[in-house]
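Raw model_28.cif, mmCIF, C-alpha atoms:
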data_target
#
loop_
_atom_site.label_atom_id
_atom_site.label_comp_id
_atom_site.auth_asym_id
_atom_site.auth_seq_id
_atom_site.Cartn_x
_atom_site.Cartn_y
_atom_site.Cartn_z
CA MET A 1 -33.21 -29.46 12.15
CA ILE A 2 -34.01 -29.26 8.46
CA GLU A 3 -33.60 -25.48 8.54
CA LYS A 4 -30.17 -25.81 10.22
CA ILE A 5 -29.03 -28.33 7.58
CA ASN A 6 -30.30 -26.12 4.76
CA ILE A 7 -28.54 -23.05 6.17
CA LYS A 8 -25.32 -25.03 6.52
CA TYR A 9 -25.46 -26.26 2.92
CA ILE A 10 -26.37 -22.82 1.59
CA ARG A 11 -23.44 -21.33 3.50
CA TRP A 12 -20.98 -23.83 2.09
CA ILE A 13 -22.35 -23.59 -1.45
CA LEU A 14 -21.93 -19.82 -1.27
CA LEU A 15 -18.42 -20.21 0.13
CA LEU A 16 -17.41 -22.63 -2.62
CA PHE A 17 -18.87 -20.29 -5.24
CA LEU A 18 -16.87 -17.33 -3.89
CA LEU A 19 -13.69 -19.41 -3.66
CA GLY A 20 -14.18 -20.55 -7.24
CA GLY A 21 -14.55 -16.93 -8.30
CA ILE A 22 -11.25 -16.07 -6.61
CA VAL A 23 -9.47 -18.87 -8.47
CA TYR A 24 -10.97 -17.68 -11.76
CA PHE A 25 -9.98 -14.02 -11.30
CA LYS A 26 -6.48 -15.02 -10.15
CA HIS A 27 -5.82 -16.77 -13.45
CA SER A 28 -7.32 -14.21 -15.81
CA PRO A 29 -5.84 -10.68 -15.99
CA VAL A 30 -8.72 -9.63 -18.24
CA ALA A 31 -11.25 -10.83 -15.65
CA GLY A 32 -9.12 -9.18 -12.97
CA GLU A 33 -9.42 -5.90 -14.86
CA VAL A 34 -13.20 -6.30 -15.01
CA TYR A 35 -13.18 -6.75 -11.23
CA ALA A 36 -10.98 -3.66 -10.77
CA GLN A 37 -13.05 -1.45 -13.09
CA ALA A 38 -16.59 -2.66 -12.40
CA ILE A 39 -16.91 -4.69 -9.20
CA TYR A 40 -14.35 -3.11 -6.88
CA PRO A 41 -15.56 0.51 -7.26
CA PHE A 42 -19.07 -0.56 -6.25
CA LEU A 43 -17.96 -2.62 -3.24
CA SER A 44 -15.36 -0.09 -2.11
CA THR A 45 -17.84 2.77 -2.17
CA ILE A 46 -20.22 0.89 0.10
CA LEU A 47 -17.55 -0.30 2.52
CA SER A 48 -15.56 2.94 2.68
CA LYS A 49 -18.76 4.95 3.17
CA LEU A 50 -19.66 2.68 6.07
CA SER A 51 -16.20 2.76 7.63
CA SER A 52 -16.03 6.56 7.27
CA LEU A 53 -18.71 6.79 9.97
CA PHE A 54 -16.14 5.61 12.53
CA PRO A 55 -13.10 7.68 13.62
CA PHE A 56 -11.09 4.52 14.30
CA SER A 57 -10.05 1.63 12.07
CA ILE A 58 -12.76 -1.01 12.17
CA GLY A 59 -10.60 -3.20 9.95
CA ASP A 60 -7.89 -3.21 12.63
CA CYS A 61 -10.57 -4.06 15.19
CA LEU A 62 -11.61 -7.02 13.04
CA ILE A 63 -8.03 -8.31 12.70
CA TYR A 64 -6.96 -7.91 16.32
CA GLY A 65 -10.41 -8.97 17.55
CA SER A 66 -10.24 -12.15 15.47
CA ILE A 67 -6.81 -13.05 16.86
CA ILE A 68 -7.93 -12.47 20.45
CA GLY A 69 -11.28 -14.18 19.85
CA ILE A 70 -9.71 -17.33 18.38
CA PHE A 71 -7.20 -17.49 21.24
CA PHE A 72 -9.88 -17.32 23.93
CA TYR A 73 -12.15 -19.67 22.00
CA TRP A 74 -9.43 -22.34 22.16
CA ILE A 75 -8.98 -21.66 25.87
CA TYR A 76 -12.72 -22.22 26.27
CA VAL A 77 -12.59 -25.43 24.22
CA ILE A 78 -9.71 -26.79 26.32
CA LEU A 79 -11.16 -25.84 29.71
CA LYS A 80 -14.66 -27.09 28.89
CA ARG A 81 -13.27 -30.17 27.13
CA LYS A 82 -15.24 -29.49 24.00
CA SER A 83 -14.59 -31.35 20.76
CA LYS A 84 -11.30 -30.09 19.35
CA ARG A 85 -12.23 -31.44 15.96
CA THR A 86 -15.43 -29.38 15.91
CA ALA A 87 -13.53 -26.34 17.17
CA LEU A 88 -10.88 -26.73 14.47
CA PHE A 89 -13.59 -27.02 11.84
CA ARG A 90 -15.29 -23.83 13.05
CA VAL A 91 -12.05 -21.84 13.24
CA THR A 92 -11.03 -23.04 9.78
CA GLU A 93 -14.38 -22.03 8.31
CA TYR A 94 -14.11 -18.61 9.95
CA LEU A 95 -10.61 -18.06 8.51
CA ILE A 96 -11.79 -19.14 5.05
CA TRP A 97 -14.55 -16.53 5.24
CA ILE A 98 -11.93 -13.91 6.20
CA TYR A 99 -9.83 -15.03 3.21
CA VAL A 100 -12.83 -14.70 0.90
CA TRP A 101 -13.74 -11.31 2.37
CA PHE A 102 -10.20 -10.03 1.80
CA TYR A 103 -10.03 -11.02 -1.85
CA TRP A 104 -13.55 -10.03 -2.89
CA THR A 105 -13.41 -6.63 -1.22
CA TRP A 106 -9.91 -5.61 -2.36
CA GLY A 107 -7.36 -8.40 -2.89
CA LEU A 108 -8.47 -9.38 -6.41
CA ASN A 109 -6.98 -6.09 -7.61
CA TYR A 110 -3.62 -7.90 -7.44
CA PHE A 111 -4.59 -9.90 -10.50
CA ARG A 112 -5.61 -7.13 -12.88
CA GLN A 113 -3.56 -6.21 -15.94
CA ASP A 114 -0.19 -4.70 -15.11
CA PHE A 115 0.64 -1.00 -15.41
CA TYR A 116 2.41 -1.29 -18.77
CA THR A 117 -0.52 -3.12 -20.35
CA ARG A 118 -3.10 -0.71 -18.99
CA MET A 119 -1.09 2.35 -20.07
CA ASP A 120 -0.08 0.72 -23.38
CA ILE A 121 3.58 1.63 -22.96
CA PRO A 122 6.62 -0.66 -23.35
CA ARG A 123 8.97 -1.64 -20.58
CA VAL A 124 12.23 0.24 -20.95
CA SER A 125 15.51 -1.69 -20.86
CA TYR A 126 18.30 -0.20 -18.78
CA SER A 127 20.30 2.47 -20.53
CA ALA A 128 23.12 4.29 -18.76
CA GLU A 129 22.35 7.45 -20.69
CA VAL A 130 18.62 7.40 -19.92
CA PHE A 131 19.14 6.61 -16.23
CA GLN A 132 21.76 9.35 -15.87
CA LYS A 133 19.37 11.83 -17.46
CA PHE A 134 16.64 10.82 -15.02
CA LEU A 135 19.04 10.93 -12.07
CA THR A 136 20.27 14.43 -12.93
CA ALA A 137 16.74 15.81 -13.39
CA TYR A 138 15.54 14.20 -10.17
CA THR A 139 18.52 15.44 -8.13
CA ASP A 140 18.15 18.98 -9.45
CA SER A 141 14.48 19.00 -8.44
CA LEU A 142 15.16 17.41 -5.04
CA ASN A 143 17.71 20.11 -4.25
CA ALA A 144 15.64 22.96 -5.70
CA PHE A 145 12.45 22.01 -3.86
CA PHE A 146 14.07 21.42 -0.48
CA VAL A 147 12.18 23.06 2.35
CA SER A 148 12.34 22.48 6.08
CA VAL A 149 9.07 20.79 7.09
CA GLU A 150 8.52 21.41 10.78
CA GLN A 151 4.78 20.77 10.72
CA ILE A 152 2.10 19.83 8.21
CA ASP A 153 -1.52 20.86 7.76
CA LYS A 154 -3.30 17.51 7.47
CA GLU A 155 -6.55 18.96 6.17
CA LEU A 156 -4.63 20.79 3.46
CA VAL A 157 -2.87 17.53 2.55
CA ASP A 158 -6.25 15.80 2.26
CA ASP A 159 -7.53 18.51 -0.09
CA GLU A 160 -4.36 18.64 -2.18
CA VAL A 161 -4.10 14.88 -2.59
CA LYS A 162 -7.73 14.55 -3.67
CA LYS A 163 -7.33 17.43 -6.14
CA GLY A 164 -4.13 15.83 -7.38
CA TYR A 165 -5.79 12.49 -8.04
CA ALA A 166 -8.69 14.22 -9.79
CA SER A 167 -6.16 15.88 -12.13
CA ILE A 168 -4.46 12.62 -13.15
CA ALA A 169 -7.48 10.29 -13.02
CA ASP A 170 -8.28 10.35 -16.74
CA HIS A 171 -4.69 9.88 -17.88
CA PHE A 172 -4.04 6.91 -15.59
CA HIS A 173 -7.57 5.47 -15.72
CA LEU A 174 -8.12 5.97 -11.98
CA PRO A 175 -11.34 6.67 -10.10
CA ILE A 176 -11.63 10.06 -8.39
CA PRO A 177 -11.41 9.81 -4.58
CA ALA A 178 -14.70 10.40 -2.78
CA ASP A 179 -14.99 13.44 -0.53
CA PHE A 180 -15.87 11.31 2.49
CA LEU A 181 -12.55 9.43 2.38
CA HIS A 182 -10.23 10.31 5.26
CA SER A 183 -7.20 8.61 6.76
CA LYS A 184 -7.33 6.93 10.15
CA PRO A 185 -4.64 6.30 12.75
CA MET A 186 -3.38 2.76 13.21
CA LEU A 187 -4.91 0.95 16.16
CA ILE A 188 -1.52 -0.09 17.58
CA PRO A 189 1.05 2.36 16.15
CA SER A 190 3.86 1.23 18.45
CA LEU A 191 3.68 -2.26 16.94
CA MET A 192 3.71 -0.88 13.40
CA SER A 193 6.58 1.51 14.18
CA GLY A 194 8.50 -1.49 15.46
CA THR A 195 8.22 -3.02 11.99
CA GLY A 196 8.89 0.21 10.11
CA VAL A 197 5.38 0.37 8.61
CA LEU A 198 4.31 3.92 7.76
CA GLY A 199 0.81 3.15 6.52
CA TYR A 200 -1.40 0.46 5.06
CA ILE A 201 -4.72 -0.18 3.37
CA GLY A 202 -7.46 -1.70 5.50
CA PRO A 203 -8.85 -4.09 2.85
CA PHE A 204 -11.87 -5.34 4.78
CA PHE A 205 -13.58 -1.95 5.00
CA ILE A 206 -11.43 0.02 2.50
CA GLU A 207 -9.76 2.27 5.03
CA TYR A 208 -6.30 3.79 4.80
CA ASN A 209 -4.44 3.83 8.07
CA LEU A 210 -1.44 6.06 8.73
CA ASN A 211 1.17 5.77 11.45
CA PRO A 212 0.74 8.67 13.94
CA ASN A 213 4.54 8.65 14.33
CA LEU A 214 5.06 9.82 10.73
CA LEU A 215 7.42 12.76 10.42
CA PRO A 216 5.76 15.86 8.91
CA VAL A 217 7.88 15.53 5.76
CA GLN A 218 6.67 11.94 5.28
CA TYR A 219 2.98 12.56 5.85
CA PRO A 220 1.86 13.95 2.43
CA PHE A 221 3.51 11.27 0.30
CA THR A 222 2.43 8.44 2.62
CA TYR A 223 -1.12 9.80 2.52
CA ALA A 224 -1.10 9.86 -1.28
CA HIS A 225 0.52 6.40 -1.49
CA GLU A 226 -2.16 4.80 0.68
CA MET A 227 -4.87 6.65 -1.22
CA ALA A 228 -3.67 4.85 -4.36
CA HIS A 229 -4.32 1.52 -2.63
CA VAL A 230 -7.84 2.69 -1.76
CA LEU A 231 -8.37 3.42 -5.47
CA GLY A 232 -7.60 -0.22 -6.29
CA ILE A 233 -3.83 -0.09 -6.87
CA THR A 234 -2.01 -3.04 -5.30
CA SER A 235 1.48 -2.63 -6.77
CA GLU A 236 3.70 -0.76 -4.31
CA ALA A 237 5.69 0.67 -7.22
CA GLU A 238 2.54 1.99 -8.86
CA ALA A 239 1.26 3.42 -5.56
CA ASN A 240 4.63 5.16 -5.20
CA LEU A 241 4.28 6.49 -8.74
CA TYR A 242 0.88 8.04 -8.11
CA GLY A 243 1.94 9.32 -4.70
CA PHE A 244 4.86 11.06 -6.38
CA LYS A 245 2.81 12.40 -9.29
CA VAL A 246 0.13 13.82 -7.01
CA CYS A 247 2.43 15.41 -4.43
CA SER A 248 5.07 16.70 -6.84
CA ARG A 249 2.39 18.66 -8.73
CA SER A 250 1.20 20.45 -5.61
CA GLN A 251 1.90 24.16 -5.28
CA VAL A 252 2.33 23.68 -1.52
CA PRO A 253 6.15 23.56 -1.01
CA GLU A 254 6.01 21.07 1.89
CA ILE A 255 3.83 18.64 -0.05
CA ARG A 256 5.93 18.95 -3.21
CA PHE A 257 9.18 18.31 -1.35
CA SER A 258 7.62 15.32 0.43
CA ALA A 259 7.24 13.67 -3.00
CA TYR A 260 10.89 14.07 -3.96
CA PHE A 261 12.17 13.18 -0.51
CA ALA A 262 10.07 10.00 -0.37
CA LEU A 263 11.58 8.85 -3.66
CA PHE A 264 15.12 9.44 -2.45
CA PRO A 265 15.77 5.94 -0.96
CA TYR A 266 14.55 4.26 -4.15
CA VAL A 267 16.62 6.52 -6.36
CA MET A 268 19.65 5.90 -4.16
CA ASN A 269 19.15 2.11 -4.30
CA ASN A 270 18.93 2.20 -8.09
CA ALA A 271 21.94 4.50 -8.37
CA TYR A 272 24.01 2.28 -6.08
CA SER A 273 23.14 -0.78 -8.17
CA LEU A 274 23.60 0.77 -11.59
CA LEU A 275 26.47 3.22 -11.18
CA SER A 276 30.13 2.51 -10.55
CA LYS A 277 31.51 3.43 -7.12
CA GLU A 278 33.14 6.52 -8.58
CA GLU A 279 29.95 7.61 -10.34
CA PHE A 280 27.88 7.02 -7.22
CA ALA A 281 30.33 9.07 -5.11
CA ARG A 282 30.18 11.93 -7.62
CA TRP A 283 26.39 11.83 -7.54
CA GLU A 284 26.35 11.98 -3.73
CA GLU A 285 28.44 15.15 -3.89
CA THR A 286 25.71 16.86 -5.94
CA LEU A 287 23.14 16.38 -3.16
CA LEU A 288 22.26 19.33 -0.99
CA PRO A 289 23.83 18.86 2.49
CA GLU A 290 20.44 19.65 4.05
CA VAL A 291 18.85 16.79 2.14
CA LYS A 292 21.49 14.31 3.30
CA ALA A 293 21.18 15.55 6.89
CA LEU A 294 17.39 15.18 6.80
CA TYR A 295 17.68 11.66 5.37
CA ASN A 296 20.07 10.65 8.17
CA GLN A 297 17.78 12.21 10.78
CA LYS A 298 14.80 10.29 9.39
CA ASN A 299 16.72 7.01 9.51
CA GLN A 300 17.85 7.63 13.09
CA TYR A 301 14.30 8.51 14.13
CA TRP A 302 12.79 5.30 12.77
CA GLN A 303 15.71 3.16 13.86
CA ALA A 304 15.03 4.21 17.47
CA LEU A 305 11.45 2.91 17.11
CA TYR A 306 12.37 -0.24 15.20
CA ASN A 307 12.24 -3.68 16.79
CA PRO A 308 14.67 -6.01 14.95
CA LEU A 309 12.78 -9.20 15.81
CA ILE A 310 9.26 -8.21 14.82
CA GLY A 311 10.66 -6.08 12.00
CA GLU A 312 12.41 -9.03 10.42
CA LEU A 313 9.36 -11.26 10.88
CA GLN A 314 7.17 -8.63 9.24
CA HIS A 315 9.64 -8.30 6.36
CA ILE A 316 9.68 -12.05 5.73
CA ALA A 317 5.89 -12.33 5.99
CA TYR A 318 5.13 -9.34 3.77
CA ASN A 319 7.73 -10.36 1.21
CA TRP A 320 6.11 -13.81 1.00
CA TYR A 321 2.64 -12.26 0.88
CA LEU A 322 3.51 -10.02 -2.08
CA LYS A 323 5.12 -12.86 -4.02
CA GLN A 324 2.00 -14.98 -3.51
CA ASN A 325 -0.13 -12.14 -4.85
CA ASN A 326 1.32 -11.50 -8.28
CA ILE A 327 4.20 -9.26 -7.11
CA PRO A 328 7.16 -11.56 -7.93
CA SER A 329 9.78 -9.06 -6.76
CA GLY A 330 8.30 -8.94 -3.26
CA GLN A 331 9.31 -5.91 -1.22
CA LYS A 332 11.76 -4.86 -3.95
CA ASN A 333 8.62 -3.77 -5.79
CA TYR A 334 8.76 -0.43 -3.95
CA SER A 335 11.98 0.54 -5.76
CA GLU A 336 10.53 -0.38 -9.15
CA VAL A 337 8.79 3.00 -9.17
CA ILE A 338 11.95 4.35 -10.86
CA ALA A 339 11.43 2.04 -13.85
CA LEU A 340 7.82 3.25 -14.12
CA LEU A 341 8.88 6.91 -14.08
CA ILE A 342 11.52 6.32 -16.75
CA ALA A 343 9.08 4.34 -18.91
CA LEU A 344 6.56 7.18 -18.70
CA SER A 345 9.19 9.74 -19.61
CA GLN A 346 10.09 7.70 -22.71
CA SER A 347 6.52 7.10 -23.89
#

Encoded form (C-alpha cells):
Amino acid sequence: MIEKINIKYIRWILLLFLLGGIVYFKHSPVAGEVYAQAIYPFLSTILSKLSSLFPFSIGDCLIYGSIIGIFFYWIYVILKRKSKRTALFRVTEYLIWIYVWFYWTWGLNYFRQDFYTRMDIPRVSYSAEVFQKFLTAYTDSLNAFFVSVEQIDKELVDDEVKKGYASIADHFHLPIPADFLHSKPMLIPSLMSGTGVLGYIGPFFIEYNLNPNLLPVQYPFTYAHEMAHVLGITSEAEANLYGFKVCSRSQVPEIRFSAYFALFPYVMNNAYSLLSKEEFARWEETLLPEVKALYNQKNQYWQALYNPLIGELQHIAYNWYLKQNNIPSGQKNYSEVIALLIALSQS
C-alpha cells in the first residue's frame, strides 16, 4: 500500500514538474531557443532512431489507438458500472501525459525565437516595387523550370533533400538530417486526403508522414517541408522556406520544379491581395499555359478526394491549434513564406 502511494505521488510530482517546465518555456523565447538547440536534438535523435525501426507510423498508432482505447474503456466502465469519477480521473491523467509528451518531445519548438531574430534580419514592409521584382523573378523561374513530372524517384528525393539541408544547415542554423531518417505513409490516408492534408510531423516519435496520394510533382517539396519540421521548425512559413530552398537548388529538374510549383498558390494569394485587378490579370498572362493547366489539374485531383465536412472541421481545429501555439496568423502562416523570401533577398 505504501509503495502504491509513493508511486502515485512520484508520478504526480514528475507530472507537475514537467507541466511547470512547459509553462516556463512557453513564456521565454530564450529558454525556448535553448530547448530547440540543446534538448530537442538529443530527444529527437533517440525517438526518431527508435521509430525508424518500424516501417509504419507508430505515432499514428498511438493517436488512433488512444482514441479507440478511451472509447472502449468508457464502454467497459458503463457496462461494468465502475466509478465514472475514477474513470474520468484516469482518462484525464492519461491525456495530460500525452500533452506533456507532445510538448517535451517536439511542441516546445513553437516557443523558440522567431526566424527574423535567429537570422538577425529585419522584417520588410510591403513595397510595390520590391514585390513586383520578386514576382517577376519567381514567374520567370517557374516558367523556365517547368517540366512534366509523370513519376518521381523517392530514393533520389531522399538523397537530394538530405544533401540540400546539409548545404544550408550552417547558414540557417539547422541540424543536418540523420541518414536513418525516412518518410512513412500515413496510417489512414483516405481520412487525411479528405481534409486536404499532404503530410505532417509525428511529434511523439519524430516521424514525418506523407500522404500516399501525393502527386509526383508534389512529393519532393512536401518531403522537404516535413523534414524541416523534423529538424525542429514549427512555423509553416519557415518550413515552406526551407522546402523551397532545398528543392530549388537541386540539379534534378523534377525536384527543382516541385519547389517553384509548390510556392505557386502562396505567390498567387499574395499577388491577388497586393496587386490591382488589372495588374493581377497581366501577371496571369505571363504564366506558362502548361503551369496553369497543371495547377488546375492538381486542384481537381484533390477536390475529388476532399470531404467538405471533415475538411472544414480540420481547418477550424488546426487554425485554432496554430494560434494557441505562437502562430497568431493560423493557417495563413503558410503564405507568409513570401515575406520570408523577400526579407532574405533584402538582407

Would you mind listing, for every residue of region 131-197 of chain A within 10 Å of region 334-343 of chain A, the two atoms forming the shortest contact and the distance between them in Å to one decimal, using all atoms listed in the file, sorted by chain and ascending residue number, as JSON lines?
{"residue": "A:Phe131", "atom": "CA", "partner": "A:Ile342", "partner_atom": "CA", "distance": 7.6}
{"residue": "A:Lys133", "atom": "CA", "partner": "A:Ile342", "partner_atom": "CA", "distance": 9.6}
{"residue": "A:Phe134", "atom": "CA", "partner": "A:Ile342", "partner_atom": "CA", "distance": 7.0}
{"residue": "A:Leu135", "atom": "CA", "partner": "A:Ile338", "partner_atom": "CA", "distance": 9.7}

> For Pro328 (chain A), which residue out of A:Trp97, A:Phe102, A:Tyr110, A:Phe71 is the nearest one, using all atoms listed in the file?
Replying inline: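 Going through A:Trp97, A:Phe102, A:Tyr110, A:Phe71 one by one, the smallest distance to Pro328 (chain A) is for A:Tyr110.
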
> Hey, which of A:Val100, A:Leu210, A:Ala36, A:Ile75 ends up closest to Val23 (chain A)? Count only C-alpha atoms.
Replying inline: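 Checking each candidate against Val23 (chain A), we get A:Val100 as the closest.
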
> Written as a PyMOL selection string, what is the full residue list that the PyMOL selection byres ((chain A and resi 115) around 10) yields on the file shown?
Replying inline: chain A and resi 112-114+116-123+172+233+235+237-238+340

> Which is closer to Phe72 (chain A) than all the others in A:Tyr99, A:Val91, A:Tyr138, A:Phe42, using all atoms listed in the file?
Replying inline: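 Closest candidate: A:Val91.
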
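One finds CA of Gly65 (chain A) at 14.3 Å from CA of Met186 (chain A).
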
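The residue that comes closest to His173 (chain A), out of A:Tyr242, A:Tyr219, A:Trp106, A:Tyr301 and on the basis of all atoms listed in the file, is A:Tyr242.
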
> Do you know which residues are at most 12 Å from region 305-307 of chain A counting all atoms listed in the file, after dropping those on the same chain fewer than 2 positions away, and could you put them as an MDAnalysis selection string?
Replying inline: chainID A and resid 189:198 213:214 298:303 309:315

> What is the CA of Leu322 (chain A)-CA of Phe244 (chain A) distance in Å, reported with one decimal?
Replying inline: 21.6 Å

> If you count all atoms listed in the file, which residues fall within 7 Å of region 152-160 of chain A, apart from same-chain ones fewer than 6 positions away, as a ChimeraX atom specification?
Replying inline: /A:216,220,250

> Quick one, how far is CA of Asn240 (chain A) from CA of Glu279 (chain A)?
Replying inline: 26.0 Å

>> Give me the residues near Ala239 (chain A) as a PyMOL selection string, where near means some atom within 8 Å (using only C-alpha atoms) and where sequence neighbours in that chain fewer than 4 positions away do not count.
In response: chain A and resi 225-226+228-229+233-235+243

>> Need to verify the contact set: Gly232 (chain A), 9 Å, all atoms listed in the file, exclusion of same-chain residues closer than 5 positions in sequence. Can you return it as a list in words?
In response: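 The residues satisfying every condition are Ala36, Gln37, Tyr40, Pro41, Ser44, Trp106, Gly107, Asn109, Tyr110, Leu174, Pro175 and Met227 of chain A.
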
> Between A:His182, A:Thr286, A:Phe111, A:Ala317, which is the closest to Lys26 (chain A) once you count only C-alpha atoms?
Replying inline: A:Phe111

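Here the PyMOL selection byres ((chain A and resi 94) around 12) catches exactly these residues: A:Arg11, A:Trp12, A:Leu15, A:Ser66, A:Ile67, A:Gly69, A:Ile70, A:Ala87, A:Leu88, A:Phe89, A:Arg90, A:Val91, A:Thr92, A:Glu93, A:Leu95, A:Ile96, A:Trp97, A:Ile98, A:Tyr99, A:Val100, A:Trp101.
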
Could you work out an axis-aligned bounding box for all listed atoms of region 49-60 of chain A, with 6 Å added on each of the six sides, and give its centre and edge lengths in Å to one decimal, as lines of an AutoDock Vina configuration file?
center_x = -13.8
center_y = 2.2
center_z = 8.7
size_x = 23.8
size_y = 22.9
size_z = 23.1

>> Is it possible to get the residues within 9 Å of (-9.2, 9.9, 6.9) (coordinates as in the file, counting all atoms listed in the file) written as a ChimeraX atom specification?
In response: /A:52,55,158,180-185,207-210

> Counting only C-alpha atoms, which of A:Pro177, A:Pro289, A:Gly21, A:Pro212 gets nearest to Ala224 (chain A)?
Replying inline: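 Checking each of A:Pro177, A:Pro289, A:Gly21, A:Pro212 against Ala224 (chain A), counting only C-alpha atoms, the winner is A:Pro177.
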
>> Residue by residue, what does the PyMOL selection byres ((chain A and resi 202) around 9) grab here? Present the result as a count of residues only.
In response: 14
